[in-house]
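**Student:** Structure: query-v4.txt, compact mmCIF, C-alpha atoms and all ligand atoms.
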# COMPACT_ATOMS: atom_id res chain seq x y z
CA MET P 1 0.00 0.00 0.00
CA ARG P 2 1.28 3.45 -0.87
CA THR P 3 1.02 6.15 1.77
CA THR P 4 2.60 9.48 2.75
CA ILE P 5 4.90 9.67 5.75
CA GLU P 6 6.38 12.82 7.25
CA ARG P 7 10.13 13.05 7.86
CA ARG P 8 11.38 15.32 10.60
CA ASP P 9 12.77 18.72 9.66
CA LEU P 10 16.48 18.62 8.97
CA GLY P 11 18.37 19.18 12.25
CA ALA P 12 21.86 20.72 12.45
CA ARG P 13 23.53 17.28 12.42
CA ASP P 14 21.09 15.60 10.04
CA VAL P 15 21.44 14.51 6.44
CA LEU P 16 18.55 14.35 3.96
CA ILE P 17 18.90 11.36 1.65
CA GLU P 18 17.04 10.74 -1.59
CA ILE P 19 16.70 6.96 -1.57
CA THR P 20 17.37 5.05 -4.79
CA TYR P 21 17.20 1.39 -3.70
CA ALA P 22 15.99 -0.45 -0.60
CA GLY P 23 16.67 -4.12 0.12
CA ILE P 24 14.06 -6.57 1.43
CA CYS P 25 15.34 -8.28 4.57
CA HIS P 26 13.55 -11.23 6.14
CA SER P 27 13.40 -9.07 9.28
CA ASP P 28 11.01 -6.75 7.40
CA ILE P 29 8.79 -9.78 6.83
CA HIS P 30 9.02 -11.00 10.46
CA THR P 31 8.09 -7.48 11.54
CA VAL P 32 5.08 -6.88 9.29
CA ARG P 33 3.72 -10.37 9.96
CA GLY P 34 3.87 -9.71 13.70
CA ASP P 35 6.31 -12.62 14.32
CA TRP P 36 8.24 -10.54 16.85
CA GLY P 37 5.26 -8.85 18.54
CA ALA P 38 2.78 -6.06 17.97
CA VAL P 39 3.40 -3.83 14.94
CA PRO P 40 3.27 -0.06 15.59
CA TYR P 41 0.97 0.77 12.66
CA PRO P 42 1.17 2.68 10.41
CA LEU P 43 4.65 1.37 9.59
CA THR P 44 7.00 1.55 6.63
CA VAL P 45 9.80 -1.04 6.90
CA GLY P 46 13.18 -1.30 5.14
CA HIS P 47 16.65 -1.06 6.72
CA GLU P 48 18.90 -1.63 3.75
CA ILE P 49 19.05 1.80 2.19
CA VAL P 50 21.21 3.49 -0.44
CA GLY P 51 20.81 6.91 -2.00
CA HIS P 52 22.33 10.35 -2.40
CA VAL P 53 22.63 13.24 -0.01
CA THR P 54 20.46 16.13 -1.15
CA GLU P 55 20.74 18.45 1.87
CA VAL P 56 22.86 18.67 5.02
CA GLY P 57 22.34 20.45 8.35
CA ALA P 58 24.54 23.39 9.40
CA GLU P 59 26.87 21.27 11.57
CA VAL P 60 27.27 18.29 9.23
CA THR P 61 30.92 17.56 8.47
CA ARG P 62 30.95 13.89 7.48
CA HIS P 63 28.80 14.03 4.34
CA ALA P 64 28.18 16.48 1.52
CA VAL P 65 25.42 17.06 -1.00
CA GLY P 66 25.79 14.57 -3.85
CA ASP P 67 27.56 11.88 -1.81
CA ARG P 68 26.42 8.29 -2.28
CA VAL P 69 25.52 7.00 1.17
CA GLY P 70 23.91 4.11 2.97
CA VAL P 71 21.78 3.59 6.07
CA GLY P 72 21.37 0.26 7.83
CA CYS P 73 19.36 -1.10 10.74
CA MET P 74 19.83 1.73 13.24
CA VAL P 75 19.64 5.50 13.05
CA ASN P 76 20.79 6.48 16.53
CA SER P 77 21.90 5.25 19.96
CA CYS P 78 22.57 6.80 23.37
CA ARG P 79 26.31 7.29 22.55
CA GLU P 80 27.15 7.28 26.27
CA CYS P 81 26.80 3.72 27.51
CA GLU P 82 29.83 1.45 27.66
CA ASN P 83 28.83 -0.41 24.49
CA CYS P 84 28.30 2.78 22.48
CA ARG P 85 31.65 4.08 23.67
CA ALA P 86 33.21 0.81 22.49
CA GLY P 87 31.80 1.40 19.00
CA GLN P 88 29.18 -1.32 19.47
CA GLU P 89 26.12 0.91 19.07
CA GLN P 90 24.05 -2.10 17.99
CA TYR P 91 24.30 -3.26 21.61
CA CYS P 92 23.47 0.17 23.10
CA LEU P 93 22.36 -0.61 26.65
CA PRO P 94 19.22 1.56 26.71
CA GLY P 95 18.60 0.24 23.16
CA ASN P 96 19.61 1.61 19.76
CA VAL P 97 17.04 3.46 17.69
CA GLY P 98 16.04 1.08 14.92
CA THR P 99 15.57 2.44 11.42
CA TYR P 100 11.89 1.49 11.68
CA ALA P 101 9.43 0.63 14.44
CA SER P 102 11.56 2.33 17.12
CA VAL P 103 10.80 5.44 19.12
CA ASP P 104 12.86 8.35 17.77
CA ARG P 105 14.29 11.21 19.85
CA ASP P 106 11.22 13.32 19.10
CA GLY P 107 8.86 10.58 20.32
CA THR P 108 7.62 9.55 16.88
CA VAL P 109 7.92 6.00 15.50
CA THR P 110 10.82 5.65 13.04
CA GLN P 111 9.87 4.77 9.46
CA GLY P 112 12.09 2.73 7.16
CA GLY P 113 13.51 2.75 3.69
CA TYR P 114 10.68 1.65 1.37
CA SER P 115 10.26 5.37 0.81
CA THR P 116 11.61 8.20 -1.33
CA HIS P 117 13.52 10.15 1.35
CA ILE P 118 14.91 9.75 4.85
CA VAL P 119 16.45 12.13 7.40
CA VAL P 120 19.25 10.57 9.48
CA ASP P 121 21.84 11.83 11.96
CA GLN P 122 25.17 12.08 10.11
CA ASP P 123 26.91 9.63 12.48
CA PHE P 124 24.59 6.80 11.38
CA VAL P 125 25.10 7.41 7.66
CA LEU P 126 27.74 5.32 5.86
CA ARG P 127 29.99 6.29 2.95
CA VAL P 128 29.65 3.94 -0.03
CA PRO P 129 32.86 3.17 -1.95
CA ASP P 130 32.63 3.75 -5.72
CA ALA P 131 33.54 0.16 -6.61
CA ILE P 132 30.22 -1.33 -5.42
CA PRO P 133 27.53 -1.43 -8.16
CA HIS P 134 24.72 0.89 -7.15
CA GLU P 135 21.78 -1.54 -7.14
CA ALA P 136 23.82 -4.03 -5.06
CA VAL P 137 24.78 -1.66 -2.23
CA ALA P 138 21.64 -1.73 -0.10
CA PRO P 139 21.76 -5.37 1.10
CA LEU P 140 25.24 -4.82 2.50
CA LEU P 141 23.75 -2.49 5.11
CA CYS P 142 22.03 -5.40 6.87
CA ALA P 143 22.82 -8.77 5.25
CA GLY P 144 26.44 -7.73 4.73
CA ILE P 145 27.22 -6.38 8.17
CA THR P 146 25.21 -9.05 10.04
CA THR P 147 27.42 -11.74 8.56
CA TYR P 148 30.70 -9.78 8.41
CA SER P 149 30.57 -8.93 12.12
CA PRO P 150 30.50 -12.50 13.52
CA LEU P 151 32.91 -13.77 10.86
CA ALA P 152 35.39 -11.07 11.90
CA HIS P 153 34.73 -11.44 15.63
CA TRP P 154 35.25 -15.22 15.58
CA ASN P 155 38.33 -14.91 13.34
CA ALA P 156 37.22 -16.57 10.12
CA GLY P 157 40.31 -16.71 7.94
CA PRO P 158 43.04 -18.91 6.49
CA GLY P 159 43.09 -22.28 8.23
CA THR P 160 39.54 -22.02 9.62
CA LYS P 161 36.59 -24.10 8.50
CA VAL P 162 33.35 -22.14 8.35
CA ALA P 163 29.87 -23.48 7.64
CA VAL P 164 26.97 -21.27 6.60
CA VAL P 165 23.48 -22.61 7.32
CA GLY P 166 20.79 -21.33 4.92
CA MET P 167 21.79 -19.65 1.68
CA GLY P 168 19.35 -16.76 1.37
CA GLY P 169 20.08 -13.05 1.72
CA LEU P 170 22.34 -13.26 4.76
CA GLY P 171 23.68 -16.72 3.90
CA HIS P 172 24.97 -15.88 0.43
CA MET P 173 26.78 -12.83 1.84
CA ALA P 174 28.24 -14.95 4.64
CA VAL P 175 29.65 -17.31 2.00
CA LYS P 176 31.21 -14.54 -0.09
CA ILE P 177 32.65 -12.67 2.90
CA ALA P 178 34.04 -15.78 4.60
CA VAL P 179 35.67 -16.84 1.33
CA ALA P 180 37.19 -13.35 0.92
CA MET P 181 38.53 -13.61 4.49
CA GLY P 182 40.34 -16.79 3.44
CA ALA P 183 38.27 -19.44 5.25
CA GLU P 184 37.34 -22.85 3.85
CA VAL P 185 33.58 -22.53 3.45
CA THR P 186 30.83 -25.14 3.45
CA VAL P 187 27.19 -24.37 2.70
CA LEU P 188 24.50 -26.29 4.57
CA SER P 189 21.25 -25.76 2.68
CA GLN P 190 17.95 -27.60 2.82
CA THR P 191 18.57 -29.14 -0.62
CA LEU P 192 21.30 -29.24 -3.26
CA GLY P 193 19.18 -26.94 -5.50
CA LYS P 194 21.55 -23.96 -5.20
CA LYS P 195 24.82 -25.92 -5.17
CA ASP P 196 26.19 -24.39 -8.40
CA ASP P 197 25.60 -20.90 -7.01
CA GLY P 198 27.23 -21.75 -3.69
CA LEU P 199 30.36 -23.01 -5.45
CA ARG P 200 30.33 -19.93 -7.71
CA PHE P 201 30.29 -17.75 -4.57
CA GLY P 202 33.47 -19.52 -3.52
CA ALA P 203 32.30 -22.28 -1.17
CA GLU P 204 34.36 -25.47 -1.38
CA HIS P 205 31.66 -27.82 -0.14
CA TYR P 206 27.87 -27.90 -0.27
CA HIS P 207 25.62 -30.32 1.60
CA ALA P 208 21.88 -30.85 1.99
CA THR P 209 20.61 -30.72 5.57
CA SER P 210 17.60 -32.82 4.52
CA ASP P 211 20.07 -35.72 4.10
CA PRO P 212 20.87 -37.26 7.52
CA VAL P 213 24.22 -38.49 6.16
CA THR P 214 25.35 -34.83 6.16
CA PHE P 215 25.31 -34.72 9.95
CA GLU P 216 27.30 -37.97 10.25
CA ALA P 217 29.84 -37.10 7.56
CA LEU P 218 30.54 -33.61 8.95
CA ALA P 219 30.60 -34.42 12.69
CA ASN P 220 33.36 -32.51 14.61
CA THR P 221 34.43 -30.51 11.55
CA PHE P 222 33.88 -26.75 11.84
CA ASP P 223 35.52 -23.95 13.80
CA LEU P 224 32.58 -21.67 13.16
CA ILE P 225 29.01 -22.13 11.99
CA ILE P 226 26.90 -19.11 11.05
CA ASN P 227 23.21 -19.98 11.21
CA THR P 228 21.11 -17.62 9.08
CA VAL P 229 17.89 -19.65 9.07
CA SER P 230 14.73 -17.63 9.68
CA ALA P 231 12.95 -20.64 11.28
CA PRO P 232 13.89 -22.83 14.28
CA ILE P 233 16.69 -25.34 13.69
CA ASP P 234 17.78 -28.45 15.63
CA VAL P 235 20.60 -26.71 17.51
CA ASP P 236 22.04 -29.94 18.96
CA ALA P 237 22.43 -31.44 15.50
CA TYR P 238 24.45 -28.43 14.33
CA LEU P 239 26.50 -28.26 17.54
CA GLY P 240 27.59 -31.81 16.72
CA LEU P 241 29.35 -30.45 13.64
CA LEU P 242 31.72 -28.25 15.69
CA ARG P 243 35.28 -29.34 16.41
CA LEU P 244 37.16 -28.47 19.64
CA ASP P 245 36.34 -24.92 20.80
CA GLY P 246 34.05 -24.36 17.85
CA THR P 247 31.22 -21.83 17.95
CA LEU P 248 27.72 -21.89 16.49
CA VAL P 249 26.63 -18.29 15.99
CA ASN P 250 22.94 -17.67 15.54
CA VAL P 251 22.00 -14.68 13.44
CA GLY P 252 18.68 -16.07 12.21
CA ALA P 253 15.84 -14.61 14.26
CA PRO P 254 12.85 -16.94 14.57
CA PRO P 255 10.51 -15.90 17.38
CA GLU P 256 10.55 -19.37 18.96
CA PRO P 257 13.10 -20.37 21.66
CA LEU P 258 15.85 -22.74 20.45
CA PRO P 259 16.41 -25.56 22.98
CA VAL P 260 19.97 -26.77 23.61
CA ARG P 261 21.11 -30.02 25.25
CA VAL P 262 24.02 -29.10 27.52
CA PHE P 263 25.94 -32.26 26.68
CA ALA P 264 26.07 -31.08 23.06
CA LEU P 265 27.98 -28.06 24.44
CA PHE P 266 30.24 -30.06 26.81
CA ASN P 267 31.57 -32.19 23.97
CA ASN P 268 34.45 -30.37 22.27
CA ARG P 269 33.94 -27.39 24.67
CA ARG P 270 31.51 -25.87 22.16
CA SER P 271 29.88 -22.44 22.31
CA PHE P 272 26.43 -21.34 21.21
CA ALA P 273 26.34 -17.60 20.57
CA GLY P 274 24.28 -14.85 18.98
CA SER P 275 25.22 -11.73 17.06
CA SER P 276 23.25 -8.66 16.06
CA ILE P 277 24.13 -6.54 12.98
CA GLY P 278 27.35 -4.57 13.65
CA GLY P 279 28.61 -1.19 14.86
CA ILE P 280 28.81 1.87 12.63
CA ALA P 281 32.61 1.84 12.32
CA GLU P 282 32.52 -1.87 11.59
CA THR P 283 29.81 -1.33 8.95
CA GLN P 284 32.10 1.17 7.22
CA GLN P 285 34.91 -1.39 7.45
CA MET P 286 32.64 -4.02 5.86
CA LEU P 287 31.73 -1.70 2.95
CA ASP P 288 35.40 -0.96 2.34
CA PHE P 289 36.23 -4.68 2.61
CA CYS P 290 33.59 -5.61 0.03
CA ALA P 291 34.79 -2.89 -2.36
CA GLU P 292 38.40 -4.01 -1.95
CA HIS P 293 37.57 -7.67 -2.54
CA GLY P 294 35.11 -7.02 -5.35
CA ILE P 295 32.20 -8.71 -3.61
CA ALA P 296 28.60 -7.62 -3.74
CA PRO P 297 25.19 -9.17 -3.13
CA GLU P 298 23.33 -10.93 -5.96
CA VAL P 299 20.16 -8.91 -6.37
CA GLU P 300 16.83 -9.08 -8.14
CA VAL P 301 15.57 -5.54 -8.69
CA ILE P 302 11.79 -5.11 -8.45
CA GLY P 303 9.27 -2.28 -8.55
CA ALA P 304 7.29 -1.36 -5.45
CA GLU P 305 4.21 -3.12 -6.86
CA ALA P 306 6.04 -6.47 -6.64
CA VAL P 307 6.90 -6.33 -2.92
CA ASN P 308 4.10 -8.65 -1.77
CA ASP P 309 5.07 -11.30 -4.33
CA ALA P 310 8.72 -10.93 -3.34
CA TYR P 311 7.77 -11.54 0.32
CA GLU P 312 6.05 -14.79 -0.68
CA ARG P 313 9.15 -15.88 -2.60
CA VAL P 314 11.42 -15.10 0.36
CA LEU P 315 9.12 -17.09 2.64
CA SER P 316 9.36 -20.12 0.33
CA SER P 317 13.22 -19.86 0.15
CA ASP P 318 12.91 -18.80 -3.48
CA VAL P 319 15.12 -15.72 -3.30
CA ARG P 320 18.23 -15.31 -5.52
CA TYR P 321 19.60 -13.81 -3.32
CA ARG P 322 18.17 -10.45 -2.25
CA PHE P 323 15.21 -8.49 -3.55
CA VAL P 324 15.94 -4.80 -3.95
CA ILE P 325 13.20 -2.25 -4.54
CA ASP P 326 13.88 0.37 -7.21
CA ILE P 327 12.59 3.41 -5.35
CA ASP P 328 12.07 5.29 -8.61
CA SER P 329 8.96 3.12 -8.94
CA LEU P 330 7.52 5.09 -5.98
CA ARG P 331 8.15 8.49 -7.49
P1 LIG L 401 16.21 -15.37 3.79
O1 LIG L 401 16.75 -14.64 2.61
O2 LIG L 401 14.80 -15.83 3.79
O3 LIG L 401 17.21 -16.59 4.08
C1 LIG L 401 16.94 -17.57 5.04
C2 LIG L 401 17.36 -18.93 4.48
O4 LIG L 401 17.16 -19.89 5.51
C3 LIG L 401 16.52 -19.42 3.32
O5 LIG L 401 16.95 -18.93 2.09
C4 LIG L 401 16.72 -20.91 3.43
O6 LIG L 401 17.98 -21.26 2.88
C5 LIG L 401 16.81 -21.14 4.92
N1 LIG L 401 15.49 -21.55 5.50
C6 LIG L 401 14.32 -20.87 5.45
N2 LIG L 401 13.34 -21.54 6.10
C7 LIG L 401 13.92 -22.66 6.57
C8 LIG L 401 13.45 -23.78 7.33
N3 LIG L 401 12.16 -23.85 7.73
N4 LIG L 401 14.33 -24.74 7.64
C9 LIG L 401 15.61 -24.69 7.24
N5 LIG L 401 16.12 -23.66 6.51
C10 LIG L 401 15.28 -22.69 6.18
O7 LIG L 401 16.32 -14.45 5.10
P2 LIG L 401 17.46 -13.39 5.49
O8 LIG L 401 17.00 -12.03 5.09
O9 LIG L 401 18.76 -13.90 5.08
O10 LIG L 401 17.33 -13.42 7.09
C11 LIG L 401 17.57 -14.63 7.79
C12 LIG L 401 17.22 -14.49 9.26
O11 LIG L 401 18.14 -13.61 9.87
C13 LIG L 401 15.84 -13.88 9.53
O12 LIG L 401 15.29 -14.54 10.65
C14 LIG L 401 16.16 -12.44 9.86
O13 LIG L 401 15.17 -11.83 10.66
C15 LIG L 401 17.44 -12.62 10.61
N6 LIG L 401 18.28 -11.43 10.68
C16 LIG L 401 19.00 -11.25 11.82
C17 LIG L 401 19.86 -10.17 11.93
C18 LIG L 401 20.71 -10.02 13.14
O14 LIG L 401 21.17 -8.91 13.40
N7 LIG L 401 20.98 -11.07 13.88
C19 LIG L 401 19.97 -9.27 10.87
C20 LIG L 401 19.24 -9.50 9.71
C21 LIG L 401 18.40 -10.59 9.62
P3 LIG L 401 18.20 -22.63 2.03
O15 LIG L 401 17.20 -22.55 0.92
O16 LIG L 401 19.60 -22.52 1.59
O17 LIG L 401 17.96 -23.77 2.95
ZN ZN L 402 17.82 -6.88 8.12
ZN ZN L 403 24.39 3.36 24.20
In structure tokens, how does this file's structure come out?
**Tutor:**
Amino acid sequence: MRTTIERRDLGARDVLIEITYAGICHSDIHTVRGDWGAVPYPLTVGHEIVGHVTEVGAEVTRHAVGDRVGVGCMVNSCRECENCRAGQEQYCLPGNVGTYASVDRDGTVTQGGYSTHIVVDQDFVLRVPDAIPHEAVAPLLCAGITTYSPLAHWNAGPGTKVAVVGMGGLGHMAVKIAVAMGAEVTVLSQTLGKKDDGLRFGAEHYHATSDPVTFEALANTFDLIINTVSAPIDVDAYLGLLRLDGTLVNVGAPPEPLPVRVFALFNNRRSFAGSSIGGIAETQQMLDFCAEHGIAPEVEVIGAEAVNDAYERVLSSDVRYRFVIDIDSLR
């Protein structure tokens, strides 16, 4: 549905962005379907945003009119708590201000990127390196950083074996980034249907999780598993794939609890962890890393009228590998 939303007046430290493309993240779908709780209607979602600066406030120093910029999952944080001071604004203790469905400084509900313009504090606006093709930038602002951050934190690199569970929007970026970091990458997908793509993205191995042999053959193998699945998984089965001191990091966000059998953790001194997007400085690092390594999301560009169909395709794991809305279709 098309509607009109009001953006706040440009403050001294704000940047006005004319949006060109917005990615469709599964989190948008969880949100609008009420998976995570009540929806603060009326709501516009979208937290993978790219566009150009068209106006800057009087005190803006980091961005200039004409710059190509991005906005991800958060648009502010308290900046004072210990996590903010450590550059981990995503873990802001009083809570970061999400790009949509959060309460903004002025008490209004934030509205996301499926829209023509957005006003954002300059500190939460990212510079986009020239090397990244324009229509492929947006998904980096969520899918890119959400996978880059745990891969970097848990030291994916030469000599490490990384498995990526689920090869959708986040999963395909996890594969490309882990490969660029130098890890040996395995994809664990429901079927072998996307095997050629996985190998093209640089994975060395590709297995179907619907085949029980996979869990026997790969027992005690991985240093790091990144789970991107949007639905509950059998955590114990995946923990069994970790070698000594291995970690299963959950970035998928199903609303249901995920039970864990403690003995699956005792064996091999395994860890079960979570990770949420990434800090602003780290997001900039990720954009620069992707530009330097020539990696970008695989996108299918759609008009705004096709969003509902795209949601259905994401829900049936039929995404190759991120839908991106051409915002010109809204103008
Ligand atoms: P997506 O494009 O739909 O990818 C999810 C993939 O998981 C699917 O492509 C599919 O891969 C697999 N999958 C889906 N349903 C499954 C099921 N029932 N059983 C097993 N595998 C299944 O979604 P996304 O945008 O990448 O987001 C993935 C999840 O991450 C969502 O829950 C989202 O909310 C969450 N998320 C978290 C953060 C964070 O900060 N932690 C940030 C962004 C998104 P295969 O076809 O290869 O099996
Ligand atoms: Zn997202
Ligand atoms: Zn804070």
**Student:** Quick one: of P:Leu170, P:Leu224, P:Ala136, P:Ala264, who's nearest to Leu151 in chain P, counting all atoms listed in the file?
**Tutor:** P:Leu224
**Student:** Please build the interface table for chain P against ligand ZN 402 (chain L) with a cut-off of 12 Å, listing for each qualifying residue the nearest atom pair and the distance in Å to one decimal; count all atoms listed in the file, order rows by chain and increasing number, and write it as a Markdown table.
**Tutor:**
| residue | atom | partner | partner_atom | distance |
| --- | --- | --- | --- | --- |
| P:Ala22 | CA | L:ZN402 | ZN | 11.0 |
| P:Gly23 | CA | L:ZN402 | ZN | 8.5 |
| P:Ile24 | CA | L:ZN402 | ZN | 7.7 |
| P:Cys25 | CA | L:ZN402 | ZN | 4.6 |
| P:His26 | CA | L:ZN402 | ZN | 6.4 |
| P:Ser27 | CA | L:ZN402 | ZN | 5.1 |
| P:Asp28 | CA | L:ZN402 | ZN | 6.8 |
| P:Ile29 | CA | L:ZN402 | ZN | 9.6 |
| P:His30 | CA | L:ZN402 | ZN | 10.0 |
| P:Thr31 | CA | L:ZN402 | ZN | 10.3 |
| P:Val45 | CA | L:ZN402 | ZN | 10.0 |
| P:Gly46 | CA | L:ZN402 | ZN | 7.8 |
| P:His47 | CA | L:ZN402 | ZN | 6.1 |
| P:Glu48 | CA | L:ZN402 | ZN | 6.9 |
| P:Ile49 | CA | L:ZN402 | ZN | 10.6 |
| P:Val71 | CA | L:ZN402 | ZN | 11.4 |
| P:Gly72 | CA | L:ZN402 | ZN | 8.0 |
| P:Cys73 | CA | L:ZN402 | ZN | 6.5 |
| P:Met74 | CA | L:ZN402 | ZN | 10.2 |
| P:Gly98 | CA | L:ZN402 | ZN | 10.6 |
| P:Thr99 | CA | L:ZN402 | ZN | 10.1 |
| P:Tyr100 | CA | L:ZN402 | ZN | 10.9 |
| P:Gly112 | CA | L:ZN402 | ZN | 11.2 |
| P:Gly113 | CA | L:ZN402 | ZN | 11.4 |
| P:Ala138 | CA | L:ZN402 | ZN | 10.4 |
| P:Pro139 | CA | L:ZN402 | ZN | 8.2 |
| P:Leu140 | CA | L:ZN402 | ZN | 9.5 |
| P:Leu141 | CA | L:ZN402 | ZN | 8.0 |
| P:Cys142 | CA | L:ZN402 | ZN | 4.6 |
| P:Ala143 | CA | L:ZN402 | ZN | 6.1 |
| P:Gly144 | CA | L:ZN402 | ZN | 9.3 |
| P:Ile145 | CA | L:ZN402 | ZN | 9.4 |
| P:Thr146 | CA | L:ZN402 | ZN | 7.9 |
| P:Thr147 | CA | L:ZN402 | ZN | 10.8 |
| P:Gly169 | CA | L:ZN402 | ZN | 9.2 |
| P:Leu170 | CA | L:ZN402 | ZN | 8.5 |
| P:Thr228 | CA | L:ZN402 | ZN | 11.3 |
| P:Ser230 | CA | L:ZN402 | ZN | 11.3 |
| P:Val251 | CA | L:ZN402 | ZN | 10.3 |
| P:Gly252 | CA | L:ZN402 | ZN | 10.1 |
| P:Ala253 | CA | L:ZN402 | ZN | 10.1 |
| P:Ser276 | CA | L:ZN402 | ZN | 9.8 |
| P:Ile277 | CA | L:ZN402 | ZN | 8.0 |
| P:Gly278 | CA | L:ZN402 | ZN | 11.3 |
| P:Arg322 | CA | L:ZN402 | ZN | 11.0 |
**Student:** What's around Leu248 in chain P at 10 Å? Count all atoms listed in the file, leave out sequence neighbours fewer than 5 positions away in its own chain, and write the answer as JSON, numbers by chain.
**Tutor:** {"P": [162, 163, 164, 222, 223, 224, 225, 226, 227, 235, 238, 239, 240, 241, 242, 270, 271, 272, 273, 274]}
**Student:** Pick the closest to ligand ZN 403 (chain L) from P:Leu93, P:Leu258, P:Ala58, P:Leu188: which is it, counting all atoms listed in the file?
**Tutor:**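 Ranked by minimum distance to ligand ZN 403 (chain L), first place goes to P:Leu93.
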**Student:** With all atoms listed in the file as the atoms that count, which of P:Ala156, P:Ala86, P:Val60, P:Val128 lies nearest to ligand ZN 403 (chain L)?
**Tutor:** P:Ala86
